[in-house]
Structure formats: C-alpha cells, structure tokens
$ cat target.txt   # compact mmCIF, N, CA and C atoms and all ligand atoms
# COMPACT_ATOMS: atom_id res chain seq x y z
N MET A 1 -15.20 -4.33 -5.74
CA MET A 1 -14.36 -4.03 -4.57
C MET A 1 -13.33 -2.97 -4.96
N ARG A 2 -13.15 -2.00 -4.09
CA ARG A 2 -12.22 -0.91 -4.37
C ARG A 2 -11.30 -0.73 -3.17
N LEU A 3 -9.99 -0.68 -3.42
CA LEU A 3 -9.05 -0.47 -2.33
C LEU A 3 -9.11 0.99 -1.89
N THR A 4 -8.73 1.23 -0.63
CA THR A 4 -8.68 2.62 -0.16
C THR A 4 -7.54 3.34 -0.88
N LYS A 5 -7.67 4.65 -0.93
CA LYS A 5 -6.62 5.49 -1.54
C LYS A 5 -5.29 5.27 -0.81
N SER A 6 -5.36 5.13 0.51
CA SER A 6 -4.13 4.95 1.29
C SER A 6 -3.39 3.69 0.89
N THR A 7 -4.13 2.61 0.64
CA THR A 7 -3.48 1.36 0.25
C THR A 7 -2.81 1.53 -1.11
N ASP A 8 -3.49 2.15 -2.04
CA ASP A 8 -2.88 2.36 -3.35
C ASP A 8 -1.63 3.22 -3.24
N ILE A 9 -1.68 4.26 -2.44
CA ILE A 9 -0.51 5.13 -2.26
C ILE A 9 0.63 4.34 -1.63
N ALA A 10 0.32 3.52 -0.63
CA ALA A 10 1.35 2.72 0.03
C ALA A 10 2.04 1.79 -0.97
N LEU A 11 1.27 1.17 -1.84
CA LEU A 11 1.86 0.24 -2.81
C LEU A 11 2.68 1.01 -3.85
N ARG A 12 2.19 2.16 -4.25
CA ARG A 12 2.95 2.99 -5.20
C ARG A 12 4.30 3.38 -4.59
N ILE A 13 4.27 3.81 -3.33
CA ILE A 13 5.52 4.22 -2.67
C ILE A 13 6.46 3.03 -2.52
N ALA A 14 5.92 1.88 -2.13
CA ALA A 14 6.76 0.68 -1.96
C ALA A 14 7.39 0.29 -3.31
N MET A 15 6.63 0.41 -4.39
CA MET A 15 7.18 0.05 -5.71
C MET A 15 8.29 1.03 -6.11
N ARG A 16 8.07 2.30 -5.85
CA ARG A 16 9.11 3.29 -6.18
C ARG A 16 10.39 3.00 -5.38
N LEU A 17 10.24 2.70 -4.10
CA LEU A 17 11.41 2.40 -3.27
C LEU A 17 12.09 1.12 -3.75
N ALA A 18 11.31 0.17 -4.24
CA ALA A 18 11.88 -1.11 -4.69
C ALA A 18 12.82 -0.92 -5.86
N VAL A 19 12.50 -0.01 -6.78
CA VAL A 19 13.38 0.17 -7.94
C VAL A 19 14.59 1.03 -7.61
N LEU A 20 14.51 1.81 -6.52
CA LEU A 20 15.66 2.64 -6.16
C LEU A 20 16.70 1.84 -5.40
N GLY A 21 16.32 0.65 -4.90
CA GLY A 21 17.27 -0.18 -4.18
C GLY A 21 17.69 0.46 -2.88
N ASN A 22 18.87 0.09 -2.38
CA ASN A 22 19.36 0.62 -1.11
C ASN A 22 20.58 1.51 -1.33
N LYS A 23 20.44 2.41 -2.28
CA LYS A 23 21.55 3.30 -2.59
C LYS A 23 21.83 4.23 -1.41
N ASP A 24 23.02 4.86 -1.44
CA ASP A 24 23.37 5.81 -0.38
C ASP A 24 22.44 7.02 -0.40
N ASP A 25 21.95 7.36 -1.61
CA ASP A 25 21.08 8.54 -1.70
C ASP A 25 19.62 8.15 -1.64
N ALA A 26 19.24 7.51 -0.54
CA ALA A 26 17.84 7.11 -0.34
C ALA A 26 16.95 8.35 -0.37
N PRO A 27 15.77 8.28 -0.99
CA PRO A 27 14.92 9.46 -1.13
C PRO A 27 14.21 9.81 0.18
N THR A 28 13.84 11.06 0.29
CA THR A 28 13.01 11.49 1.42
C THR A 28 11.55 11.18 1.09
N THR A 29 10.71 11.26 2.12
CA THR A 29 9.27 11.08 1.90
C THR A 29 8.76 12.10 0.89
N ARG A 30 9.24 13.32 1.00
CA ARG A 30 8.79 14.38 0.09
C ARG A 30 9.16 14.05 -1.35
N GLU A 31 10.37 13.53 -1.54
CA GLU A 31 10.80 13.19 -2.91
C GLU A 31 9.98 12.04 -3.48
N VAL A 32 9.73 11.02 -2.67
CA VAL A 32 8.93 9.89 -3.16
C VAL A 32 7.51 10.35 -3.46
N ALA A 33 6.94 11.15 -2.57
CA ALA A 33 5.57 11.64 -2.78
C ALA A 33 5.47 12.40 -4.09
N SER A 34 6.47 13.23 -4.36
CA SER A 34 6.46 14.01 -5.60
C SER A 34 6.56 13.09 -6.81
N ALA A 35 7.46 12.10 -6.73
CA ALA A 35 7.68 11.21 -7.88
C ALA A 35 6.42 10.41 -8.22
N VAL A 36 5.69 9.95 -7.22
CA VAL A 36 4.49 9.14 -7.52
C VAL A 36 3.21 9.98 -7.49
N GLU A 37 3.42 11.31 -7.37
CA GLU A 37 2.33 12.28 -7.51
C GLU A 37 1.20 12.08 -6.51
N VAL A 38 1.59 12.09 -5.23
CA VAL A 38 0.58 12.07 -4.17
C VAL A 38 0.91 13.21 -3.19
N PRO A 39 -0.09 13.76 -2.49
CA PRO A 39 0.18 14.85 -1.55
C PRO A 39 1.13 14.39 -0.44
N TYR A 40 2.04 15.29 -0.05
CA TYR A 40 3.05 14.94 0.96
C TYR A 40 2.42 14.47 2.27
N THR A 41 1.38 15.17 2.72
CA THR A 41 0.80 14.82 4.02
C THR A 41 0.22 13.41 4.00
N HIS A 42 -0.39 13.05 2.88
CA HIS A 42 -0.95 11.71 2.77
C HIS A 42 0.18 10.67 2.70
N ALA A 43 1.22 10.99 1.94
CA ALA A 43 2.37 10.08 1.82
C ALA A 43 3.04 9.87 3.18
N ALA A 44 3.15 10.94 3.97
CA ALA A 44 3.81 10.83 5.27
C ALA A 44 3.06 9.86 6.17
N LYS A 45 1.73 9.92 6.15
CA LYS A 45 0.94 9.00 6.98
C LYS A 45 1.13 7.56 6.51
N VAL A 46 1.16 7.37 5.21
CA VAL A 46 1.30 6.03 4.64
C VAL A 46 2.69 5.46 4.95
N VAL A 47 3.72 6.30 4.83
CA VAL A 47 5.08 5.85 5.13
C VAL A 47 5.17 5.42 6.59
N SER A 48 4.53 6.17 7.46
CA SER A 48 4.53 5.81 8.88
C SER A 48 3.89 4.42 9.08
N LYS A 49 2.82 4.16 8.36
CA LYS A 49 2.16 2.85 8.47
C LYS A 49 3.06 1.75 7.91
N LEU A 50 3.73 2.02 6.77
CA LEU A 50 4.63 1.02 6.19
C LEU A 50 5.80 0.74 7.13
N GLN A 51 6.26 1.76 7.84
CA GLN A 51 7.32 1.55 8.84
C GLN A 51 6.81 0.63 9.95
N HIS A 52 5.61 0.94 10.42
CA HIS A 52 5.00 0.15 11.50
C HIS A 52 4.87 -1.32 11.09
N LEU A 53 4.58 -1.56 9.81
CA LEU A 53 4.42 -2.93 9.30
C LEU A 53 5.76 -3.59 8.98
N GLY A 54 6.85 -2.84 9.13
CA GLY A 54 8.18 -3.42 8.88
C GLY A 54 8.55 -3.49 7.41
N ALA A 55 7.80 -2.76 6.56
CA ALA A 55 8.08 -2.81 5.12
C ALA A 55 9.05 -1.71 4.68
N VAL A 56 9.12 -0.64 5.46
CA VAL A 56 9.97 0.50 5.10
C VAL A 56 10.80 0.91 6.32
N GLU A 57 12.05 1.33 6.03
CA GLU A 57 12.91 1.87 7.08
C GLU A 57 13.19 3.33 6.75
N ALA A 58 13.19 4.17 7.77
CA ALA A 58 13.50 5.59 7.56
C ALA A 58 14.70 5.95 8.42
N ARG A 59 15.76 6.40 7.75
CA ARG A 59 16.95 6.87 8.48
C ARG A 59 16.96 8.38 8.45
N ARG A 60 17.24 8.96 9.61
CA ARG A 60 17.22 10.42 9.72
C ARG A 60 18.60 11.00 9.45
N GLY A 61 18.62 12.29 9.23
CA GLY A 61 19.88 13.03 9.14
C GLY A 61 20.55 12.91 7.79
N ARG A 62 21.80 13.38 7.77
CA ARG A 62 22.58 13.39 6.53
C ARG A 62 22.73 11.96 6.00
N GLY A 63 22.45 11.78 4.73
CA GLY A 63 22.55 10.44 4.14
C GLY A 63 21.34 9.59 4.47
N GLY A 64 20.36 10.16 5.18
CA GLY A 64 19.18 9.39 5.55
C GLY A 64 18.18 9.32 4.42
N GLY A 65 17.06 8.70 4.69
CA GLY A 65 16.01 8.58 3.68
C GLY A 65 15.26 7.28 3.86
N LEU A 66 14.40 6.99 2.89
CA LEU A 66 13.54 5.81 2.98
C LEU A 66 14.12 4.66 2.17
N THR A 67 14.06 3.46 2.73
CA THR A 67 14.42 2.25 1.98
C THR A 67 13.36 1.18 2.26
N LEU A 68 13.18 0.34 1.28
CA LEU A 68 12.29 -0.81 1.43
C LEU A 68 13.07 -1.92 2.14
N THR A 69 12.49 -2.52 3.15
CA THR A 69 13.17 -3.61 3.84
C THR A 69 13.08 -4.89 3.00
N ALA A 70 13.86 -5.89 3.40
CA ALA A 70 13.80 -7.19 2.70
C ALA A 70 12.39 -7.76 2.80
N ALA A 71 11.77 -7.61 3.97
CA ALA A 71 10.40 -8.12 4.14
C ALA A 71 9.43 -7.35 3.25
N GLY A 72 9.63 -6.05 3.13
CA GLY A 72 8.78 -5.25 2.27
C GLY A 72 8.94 -5.61 0.81
N ARG A 73 10.14 -6.01 0.43
CA ARG A 73 10.44 -6.33 -0.96
C ARG A 73 9.87 -7.69 -1.37
N THR A 74 10.03 -8.67 -0.50
CA THR A 74 9.70 -10.05 -0.92
C THR A 74 8.53 -10.66 -0.15
N GLY A 75 7.99 -9.93 0.83
CA GLY A 75 6.86 -10.47 1.59
C GLY A 75 5.62 -10.59 0.72
N SER A 76 4.64 -11.32 1.22
CA SER A 76 3.39 -11.55 0.47
C SER A 76 2.62 -10.24 0.25
N LEU A 77 2.30 -9.99 -1.00
CA LEU A 77 1.50 -8.81 -1.34
C LEU A 77 0.11 -8.91 -0.71
N GLY A 78 -0.45 -10.10 -0.71
CA GLY A 78 -1.77 -10.29 -0.12
C GLY A 78 -1.77 -9.93 1.36
N GLU A 79 -0.73 -10.35 2.08
CA GLU A 79 -0.64 -10.02 3.51
C GLU A 79 -0.52 -8.52 3.70
N LEU A 80 0.31 -7.90 2.87
CA LEU A 80 0.50 -6.45 3.00
C LEU A 80 -0.81 -5.71 2.75
N VAL A 81 -1.55 -6.12 1.72
CA VAL A 81 -2.82 -5.43 1.41
C VAL A 81 -3.84 -5.69 2.51
N ARG A 82 -3.87 -6.90 3.07
CA ARG A 82 -4.77 -7.17 4.19
C ARG A 82 -4.48 -6.21 5.35
N GLU A 83 -3.17 -6.06 5.67
CA GLU A 83 -2.78 -5.20 6.78
C GLU A 83 -3.16 -3.75 6.50
N LEU A 84 -2.97 -3.32 5.27
CA LEU A 84 -3.27 -1.94 4.93
C LEU A 84 -4.77 -1.66 4.91
N GLU A 85 -5.54 -2.65 4.49
CA GLU A 85 -6.99 -2.46 4.33
C GLU A 85 -7.77 -2.67 5.63
N GLY A 86 -7.23 -3.49 6.53
CA GLY A 86 -7.99 -3.82 7.73
C GLY A 86 -8.96 -4.95 7.46
N VAL A 87 -9.80 -5.24 8.43
CA VAL A 87 -10.62 -6.45 8.36
C VAL A 87 -12.10 -6.16 8.12
N ASP A 88 -12.41 -4.96 7.67
CA ASP A 88 -13.82 -4.61 7.49
C ASP A 88 -14.47 -5.43 6.38
N ASP A 89 -15.79 -5.64 6.53
CA ASP A 89 -16.58 -6.24 5.44
C ASP A 89 -16.59 -5.27 4.25
N VAL A 90 -16.88 -5.82 3.08
CA VAL A 90 -16.95 -4.95 1.90
C VAL A 90 -18.27 -4.18 1.84
N VAL A 91 -19.23 -4.56 2.66
CA VAL A 91 -20.48 -3.79 2.78
C VAL A 91 -20.71 -3.48 4.26
N GLY A 92 -21.51 -2.46 4.51
CA GLY A 92 -21.69 -1.99 5.88
C GLY A 92 -22.84 -2.65 6.60
N CYS A 93 -22.74 -3.96 6.85
CA CYS A 93 -23.83 -4.70 7.50
C CYS A 93 -24.15 -4.14 8.89
N GLU A 94 -23.11 -3.63 9.57
CA GLU A 94 -23.29 -3.16 10.95
C GLU A 94 -23.38 -1.65 11.03
N ASP A 95 -23.60 -1.00 9.89
CA ASP A 95 -23.71 0.46 9.91
C ASP A 95 -24.89 0.91 10.78
N ASP A 96 -25.04 2.19 10.91
CA ASP A 96 -26.16 2.75 11.67
C ASP A 96 -27.15 3.39 10.70
N PRO A 97 -28.33 2.87 10.48
CA PRO A 97 -28.87 1.69 11.15
C PRO A 97 -28.30 0.40 10.55
N PRO A 98 -28.13 -0.65 11.37
CA PRO A 98 -27.64 -1.93 10.85
C PRO A 98 -28.65 -2.59 9.94
N CYS A 99 -28.14 -3.46 9.05
CA CYS A 99 -29.03 -4.15 8.12
C CYS A 99 -29.85 -5.20 8.87
N PRO A 100 -31.16 -5.29 8.63
CA PRO A 100 -32.01 -6.26 9.35
C PRO A 100 -31.71 -7.72 8.99
N LEU A 101 -30.96 -7.96 7.92
CA LEU A 101 -30.67 -9.34 7.52
C LEU A 101 -29.39 -9.89 8.14
N ARG A 102 -28.67 -9.03 8.90
CA ARG A 102 -27.30 -9.37 9.28
C ARG A 102 -27.19 -10.61 10.17
N GLY A 103 -28.27 -10.99 10.81
CA GLY A 103 -28.23 -12.15 11.70
C GLY A 103 -28.12 -13.48 10.95
N GLY A 104 -28.47 -13.50 9.67
CA GLY A 104 -28.41 -14.76 8.92
C GLY A 104 -28.40 -14.51 7.43
N CYS A 105 -27.42 -13.76 6.98
CA CYS A 105 -27.41 -13.34 5.58
C CYS A 105 -26.42 -14.17 4.76
N ARG A 106 -26.92 -14.88 3.77
CA ARG A 106 -26.04 -15.69 2.92
C ARG A 106 -25.18 -14.80 2.02
N LEU A 107 -25.71 -13.65 1.66
CA LEU A 107 -24.92 -12.72 0.83
C LEU A 107 -23.66 -12.28 1.58
N ARG A 108 -23.80 -12.02 2.87
CA ARG A 108 -22.66 -11.57 3.67
C ARG A 108 -21.54 -12.62 3.63
N GLY A 109 -21.93 -13.87 3.80
CA GLY A 109 -20.94 -14.96 3.75
C GLY A 109 -20.29 -15.06 2.38
N ALA A 110 -21.11 -14.90 1.33
CA ALA A 110 -20.56 -15.00 -0.03
C ALA A 110 -19.59 -13.87 -0.30
N LEU A 111 -19.93 -12.67 0.19
CA LEU A 111 -19.03 -11.52 -0.03
C LEU A 111 -17.72 -11.69 0.75
N ARG A 112 -17.81 -12.25 1.96
CA ARG A 112 -16.57 -12.50 2.72
C ARG A 112 -15.68 -13.50 1.99
N ALA A 113 -16.28 -14.53 1.42
CA ALA A 113 -15.50 -15.53 0.67
C ALA A 113 -14.87 -14.88 -0.57
N ALA A 114 -15.62 -14.01 -1.23
CA ALA A 114 -15.08 -13.34 -2.41
C ALA A 114 -13.93 -12.41 -2.03
N GLN A 115 -14.08 -11.74 -0.89
CA GLN A 115 -13.02 -10.84 -0.41
C GLN A 115 -11.74 -11.64 -0.13
N GLU A 116 -11.91 -12.79 0.53
CA GLU A 116 -10.73 -13.61 0.84
C GLU A 116 -10.09 -14.16 -0.44
N ALA A 117 -10.92 -14.50 -1.44
CA ALA A 117 -10.37 -14.97 -2.71
C ALA A 117 -9.56 -13.88 -3.39
N PHE A 118 -10.02 -12.64 -3.25
CA PHE A 118 -9.29 -11.50 -3.80
C PHE A 118 -7.90 -11.41 -3.16
N TYR A 119 -7.85 -11.46 -1.82
CA TYR A 119 -6.55 -11.39 -1.15
C TYR A 119 -5.69 -12.60 -1.48
N ALA A 120 -6.31 -13.76 -1.53
CA ALA A 120 -5.55 -14.99 -1.81
C ALA A 120 -4.88 -14.92 -3.19
N SER A 121 -5.53 -14.24 -4.14
CA SER A 121 -4.93 -14.12 -5.47
C SER A 121 -3.68 -13.24 -5.45
N LEU A 122 -3.56 -12.39 -4.42
CA LEU A 122 -2.38 -11.53 -4.29
C LEU A 122 -1.28 -12.19 -3.44
N ASP A 123 -1.64 -13.23 -2.70
CA ASP A 123 -0.69 -13.85 -1.77
C ASP A 123 0.62 -14.30 -2.42
N PRO A 124 0.58 -14.92 -3.61
CA PRO A 124 1.86 -15.41 -4.18
C PRO A 124 2.76 -14.30 -4.72
N LEU A 125 2.25 -13.09 -4.80
CA LEU A 125 3.03 -11.99 -5.39
C LEU A 125 3.74 -11.19 -4.31
N SER A 126 4.75 -10.44 -4.73
CA SER A 126 5.47 -9.54 -3.82
C SER A 126 5.68 -8.21 -4.52
N ILE A 127 6.14 -7.22 -3.78
CA ILE A 127 6.47 -5.92 -4.39
C ILE A 127 7.55 -6.13 -5.46
N ALA A 128 8.50 -7.02 -5.17
CA ALA A 128 9.57 -7.29 -6.16
C ALA A 128 8.97 -7.78 -7.48
N ASP A 129 7.94 -8.60 -7.42
CA ASP A 129 7.29 -9.07 -8.66
C ASP A 129 6.65 -7.91 -9.41
N LEU A 130 6.09 -6.96 -8.67
CA LEU A 130 5.35 -5.87 -9.31
C LEU A 130 6.25 -4.90 -10.06
N VAL A 131 7.55 -4.90 -9.75
CA VAL A 131 8.42 -3.92 -10.40
C VAL A 131 9.23 -4.54 -11.54
N GLU A 132 8.84 -5.75 -11.94
CA GLU A 132 9.42 -6.29 -13.17
C GLU A 132 8.93 -5.42 -14.33
N SER A 133 9.62 -5.53 -15.49
CA SER A 133 9.23 -4.77 -16.67
C SER A 133 7.79 -5.13 -17.08
N PRO A 134 6.97 -4.18 -17.51
CA PRO A 134 7.32 -2.79 -17.87
C PRO A 134 7.20 -1.79 -16.72
N THR A 135 6.75 -2.23 -15.55
CA THR A 135 6.50 -1.25 -14.47
C THR A 135 7.80 -0.64 -13.95
N GLY A 136 8.83 -1.48 -13.76
CA GLY A 136 10.09 -1.00 -13.19
C GLY A 136 10.69 0.17 -13.97
N PRO A 137 10.85 0.04 -15.29
CA PRO A 137 11.41 1.17 -16.04
C PRO A 137 10.57 2.44 -15.93
N ILE A 138 9.25 2.29 -15.87
CA ILE A 138 8.40 3.48 -15.71
C ILE A 138 8.68 4.13 -14.36
N LEU A 139 8.74 3.29 -13.31
CA LEU A 139 9.00 3.82 -11.97
C LEU A 139 10.35 4.54 -11.92
N LEU A 140 11.35 3.97 -12.60
CA LEU A 140 12.68 4.58 -12.59
C LEU A 140 12.71 5.90 -13.35
N SER A 141 11.81 6.05 -14.29
CA SER A 141 11.82 7.28 -15.10
C SER A 141 11.13 8.45 -14.39
N LEU A 142 10.44 8.18 -13.27
CA LEU A 142 9.74 9.25 -12.56
C LEU A 142 10.73 10.18 -11.90
N THR A 143 10.42 11.46 -11.89
CA THR A 143 11.31 12.42 -11.26
C THR A 143 10.55 13.22 -10.21
N SER A 144 11.32 13.70 -9.23
CA SER A 144 10.73 14.56 -8.20
C SER A 144 10.87 16.00 -8.65
N ARG A 145 9.78 16.74 -8.52
CA ARG A 145 9.85 18.15 -8.91
C ARG A 145 10.44 18.95 -7.75
N PRO A 146 11.47 19.81 -8.04
CA PRO A 146 12.04 20.63 -6.97
C PRO A 146 10.95 21.48 -6.31
N GLY A 147 10.99 21.57 -5.02
CA GLY A 147 10.04 22.42 -4.31
C GLY A 147 8.79 21.69 -3.86
N ASP A 148 8.58 20.47 -4.34
CA ASP A 148 7.40 19.70 -3.91
C ASP A 148 7.58 19.25 -2.47
S1 LIG B 1 -28.01 -7.79 2.88
FE1 LIG B 1 -26.48 -9.08 3.92
S2 LIG B 1 -24.50 -8.39 3.05
FE2 LIG B 1 -26.00 -6.79 2.59
S3 LIG B 1 -25.83 -5.35 4.32
FE3 LIG B 1 -27.47 -6.82 4.82
S4 LIG B 1 -26.41 -8.37 6.06
FE4 LIG B 1 -24.83 -7.25 4.95
$ encode --input "target.txt" --output "structure tokens"
Amino acid sequence: MRLTKSTDIALRIAMRLAVLGNKDDAPTTREVASAVEVPYTHAAKVVSKLQHLGAVEARRGRGGGLTLTAAGRTGSLGELVRELEGVDDVVGCEDDPPCPLRGGCRLRGALRAAQEAFYASLDPLSIADLVESPTGPILLSLTSRPGD
C-alpha cells in the first residue's frame, strides 16, 4: 500500500507547523513548502485541504501565516490520513473494464480489512506524537530558501 503524494506532503507540512508552534511569525505557505522541499503549487492545494479539514488555520495580511490548530495537533492521525486518502479500494475492482470477480471476491474483502488495519494502527497517534525527537529537531533545523 502506498499513500498518495498529496497525503505525504500534507503530513510533512503539518509536522513542520507543529514544531513552529503558534509564534507571531507564522510561516507562509511558500516558506513551509520551501522548508519541506515540495513545489509551492502542490503545497498550496494541500494547505487548502488541511484548512478544509480544520487542521490548519491561515491568517492573511501583516503578521499572518499558517498555524496548526489544536485539532490538527492532537487529533487522530488515522482519521486525518483517511480524510486525505479518501475511501477508494487499494485495487481498481471497478476500473474500466471492471474485474469479472468483483461480484464475490474474497481477495477484495481481505484487502479492505488490511486497509482498515493500516488506518487503525495510525489511530492512536497524532501529529504531536510524530514530532517528538528525533523528528522534531530535524524539522526545526529546516530552512526556507529565499526566493522559493
Ligand atoms: S480480483 Fe478481487 S480484489 Fe482483485 S480486482 Fe478483482 S475483484 Fe478486485
């Protein structure tokens, strides 16, 4: 099983925001994108989704920037990843052409159970847990390149 690039970027951005706290100098999307080394346009879409999910707040204007909300910091990681990934099966049973076994496939059921077990293993964790050492100090050491 492989997460989408967008989900990985969203988690990277959330972790970076978690270590910056709620300082007055909250970073812009461009600064966070540069620090975690993802393209700005992709980061902007992901930040918009994190805002929609209530995990990130964006304040505009002077002194504005991105902050992780309390829900984003301590909410269930499994729930967040489910929301980011959507509800698709891990295989394309209904693709075009659809698989002829889809009406009664035991493999499909087994894969759905495995997928849920994957998310369930993330449920007890939060973004706050992910930024404990050694990850937190690494995240804090990242810098934004001017002009990015
Ligand atoms: S074999 Fe089963 S799991 Fe695989 S595509 Fe067909 S219906 Fe889906």
$ closest_residue --input "target.txt" --among "A:Ala120, A:Leu50, A:Ala113, A:Leu77" --to "ligand LIG 1 (chain B)" --atoms "only C-alpha atoms and all ligand atoms"
A:Ala113
$ residues_near_ligand --input "target.txt" --ligand "ligand LIG 1 (chain B)" --cutoff "7 Å" --atoms "all atoms listed in the file" --output "PyMOL selection string"
chain A and resi 91-94+98-109+111
$ select_by_dssp --input "target.txt" --residues "chain A" --states "helix (DSSP H, G or I)" --output "ChimeraX atom specification"
/A:5-20,29-35,40-52,70-74,77-85,106-122,127-130,135-141
$ atom_distance --input "target.txt" --atom1 "CA of Asp96 in chain A" --atom2 "CA of Ser6 in chain A"
24.5 Å
$ closest_residue --input "target.txt" --among "A:Ala44, A:Met1, A:Leu17, A:Ala114" --to "Thr69 in chain A" --atoms "all atoms listed in the file"
A:Leu17
$ axis_aligned_box --input "target.txt" --around "range 64-72 of chain A" --padding-each-side "5 Å" --output "lines of an AutoDock Vina configuration file"
center_x = 14.6
center_y = 1.0
center_z = 3.2
size_x = 21.6
size_y = 28.3
size_z = 14.7
$ atom_distance --input "target.txt" --atom1 "atom C of Gly61 in chain A" --atom2 "atom N of Thr29 in chain A"
11.5 Å
$ atom_distance --input "target.txt" --atom1 "atom N of Asp88 in chain A" --atom2 "atom C of Val46 in chain A"
18.5 Å
$ closest_residue --input "target.txt" --among "A:Val56, A:Leu68, A:Val90, A:Val47" --to "Leu20 in chain A" --atoms "only N, CA and C atoms"
A:Leu68
$ closest_residue --input "target.txt" --among "A:Arg112, A:Val87, A:Gly65, A:Tyr119" --to "Ala26 in chain A" --atoms "only N, CA and C atoms"
A:Gly65
$ closest_residue --input "target.txt" --among "A:Arg2, A:Thr7, A:Tyr40, A:Ala14" --to "Gly136 in chain A" --atoms "only C-alpha atoms"
A:Ala14
$ select_by_dssp --input "target.txt" --residues "range 51-123 of chain A" --states "strand (DSSP E)" --output "ChimeraX atom specification"
/A:56-59,65-68
$ residues_around --input "target.txt" --residues "Ser48 in chain A" --least-positions-apart "3" --cutoff "10 Å" --atoms "only C-alpha atoms" --output "PyMOL selection string"
chain A and resi 10+29+43-45+51-54+56-58
$ residues_around --input "target.txt" --residues "Asp24 in chain A" --least-positions-apart "2" --cutoff "7 Å" --atoms "only N, CA and C atoms" --output "PyMOL selection string"
chain A and resi 22+26-27+63-64
$ closest_residue --input "target.txt" --among "A:Thr74, A:Arg62, A:Ile9, A:Glu31" --to "Lys49 in chain A" --atoms "only C-alpha atoms"
A:Ile9
$ residues_around --input "target.txt" --residues "Ser126 in chain A" --least-positions-apart "4" --cutoff "10 Å" --atoms "only C-alpha atoms" --output "count of residues only"
14
